[in-house]
Structures are given as C-alpha cells and as structure tokens.
Amino acid sequence: MAGPLLQAWGLGAALRSRAALRPLGLLAPPCRELAGPGSGEAALEENPFYGKYRHKIQELRRSSPEVFESRMEKRNEVKKQPVGYSKQGEFIKCMEEKAEGVGTKTSKGGFTKDKTLDSILNVEMVKEKSAEEIKQIWNQYFSAKDTVYAVIPAEKFDLIWKRAQKCPSFLYALPRKEGYEFFVGQWSGTELHFTSLINIQTQGETAPSQLVLYHYPELQEEKGIVLMTAEMDSKFLVVHEAQCLANQVQLFYATDRSQTYELVETFNHRSNEFKYMSVIAELEQSGLGRELRPAQVPDKS
C-alpha cells in the first residue's frame, strides 16, 4: 500500500496505516543519549535503539577498532554543532558511490543514483496535460507501490526550497513504542536524505541514508506543481514511518507559524539553544505520527 502525503498538500486519501489511530499522549521521553552525547560505549548502549544497530556497531568494533574508538570520542562534538550541518553532505557523497555492473545504478545503501523524473514519467508527453491530470497520473502510478509520494503546490515547494537553502538540516522525531527515535534530515540539491541520529553517532559522516525524498521541480513553472517520491531502507523503516518523517518536512519547512520554523533556524545557526523536546512538542501538537504511538493503557487504580 502506498502513502501519499497528507495535510495541506491535499491528496484526498487518508494514509492506509497498518495501525488504527490511537489517543495522542506524551510517550516516555528519549533517553539522555538521544538528547546529547553520553560518555563512552556504555552510554551508547543505553540508547533504546542500540539493539537495532548492534550488529553494525559490533562489526565496526571488530574490523576497525581504531575507527570505532575515534568515533566514540567524536560523539562529544554533537553538542557543539548541529548534527549533520556541515559533515552530513559527506555521507551523502559516500552513499552515492556507483555500484559495479550494468543496469540501474544504485548506491551502496541500495538507493537509486541520479533518480531523474524521466526515469519515472514521460515528461514530454505529460506536458500536454493539465496539472490535475498529471496529479492523477502520478497518484495512480504510485498507489500500488509501497512508498511515499506527493504532488506539492509550486508556491509551497518554493517556500520549502528557500528555507532549505538557509537551513539545510534538521532533527526529526519519529514516535516509537520505546519513546522517540531521532533522524537527521539533510538536503542535497532537491533530494532530502534521512538517517538516524545513532547511525551518525556510530558511523560518522559515512552513515548511509535510510530514507531519501526525491523532489522534481521540472513542472513547477509551467504546471504549478512539484512531484515527489521516495526510496527507503526497509530494514529500518516501513511506509507509515517514512510518511511521518515526510509530513514533518511540511510541518517545519512549509509552516506559516514563525515559532515552528524558528526551531529549524535554531538547529542550524544557534545549536547551543536547540532543545529536542521542542520538536516533540510541535509534533504532538500537530497530531502527526499519532498512529505510531502505542495505545494508552487505562489506569485501573
């Protein structure tokens, strides 16, 4: 089942979630490791999502102990600069290394390199159609695919794009039953790459992307729309989780509420003032991701 973007982009269909909507409530806050660096490997293992990445972390420790120790030391730099602000682009370049062989070229992480609109859609043919017809074609094409997609109004994408140039990275919160898992989103051209915070803390700038949103502005001027689709690493994310991250891009970058976008500016330019709980508060206020939260157990006392 596919996941079209919701809210103001108005694709009309509700997300076909695997879970029913549940009451909104504050989940257990993330452990201190997500808010900032702890000390050494013991602190890393306290992270509730350590188990998901345990194999890769242990493999790195066995194969390159010097690199592992170096990255443990560098984790103390997280407080000093926005995570991913200056170095995140490097892991994107690493991720985009072409695989050997003939056929579709993919990165080491399995993502398509140089994923063009022409590889999905006959651009010359659709130029004869209206924006509404193109929207229907796009939605119909992806409705049978297990991915995230959207048709974004040109003026909305223009706002997102202008802000992305000034603030190319941000910290997003994904609700989990354990609390919240944080993901860093970094713009690289019109692609938006996501990887988990713990992935960056353990692998540094070579951390691979786990979700990529591809935006296509080729029809923006003529048709007033920007097409978007995504690829994800299914070992770490499923569609409705990727959907939540994609919807947060709209929440934080396309908002008319100055206090909300100010969080993005703070993360990029005044990192010492950034508070992760403000992201969680905005997320809960918006209602995004409520279907990912565990059901509330009534108090019988």
# chains A, B, ... in the order shown; residues from 1 in each chain; ligands from 1
call {"tool": "residues_around", "arguments": {"residues": "stretch 221-235 of chain A", "least_positions_apart": "4", "cutoff": "8 Å", "atoms": "only C-alpha atoms", "output": "PyMOL selection string"}}
result
chain A and resi 109-111+130-131+138+147-155+157+209-217+242
call {"tool": "residues_around", "arguments": {"residues": "A:Leu245", "least_positions_apart": "2", "cutoff": "8 Å", "atoms": "only C-alpha atoms", "output": "PyMOL selection string"}}
result
chain A and resi 172-174+241-243+247-249
call {"tool": "atom_distance", "arguments": {"atom1": "atom CA of A:Phe236", "atom2": "atom CA of A:Asn199"}}
result
11.1 Å
call {"tool": "atom_distance", "arguments": {"atom1": "atom CA of A:Phe267", "atom2": "atom CA of A:Phe170"}}
result
6.4 Å
call {"tool": "atom_distance", "arguments": {"atom1": "atom CA of A:Glu284", "atom2": "atom CA of A:Leu263"}}
result
14.8 Å
call {"tool": "select_by_dssp", "arguments": {"residues": "stretch 139-175 of chain A", "states": "strand (DSSP E or B)", "output": "PyMOL selection string"}}
result
chain A and resi 148-153+169-175
call {"tool": "closest_residue", "arguments": {"among": "A:Tyr276, A:Arg176, A:His193, A:Ser143", "to": "A:Leu292", "atoms": "only C-alpha atoms"}}
result
A:Arg176
call {"tool": "closest_residue", "arguments": {"among": "A:Val264, A:Ile280, A:Leu237, A:Ala164", "to": "A:Ser196", "atoms": "only C-alpha atoms"}}
result
A:Leu237
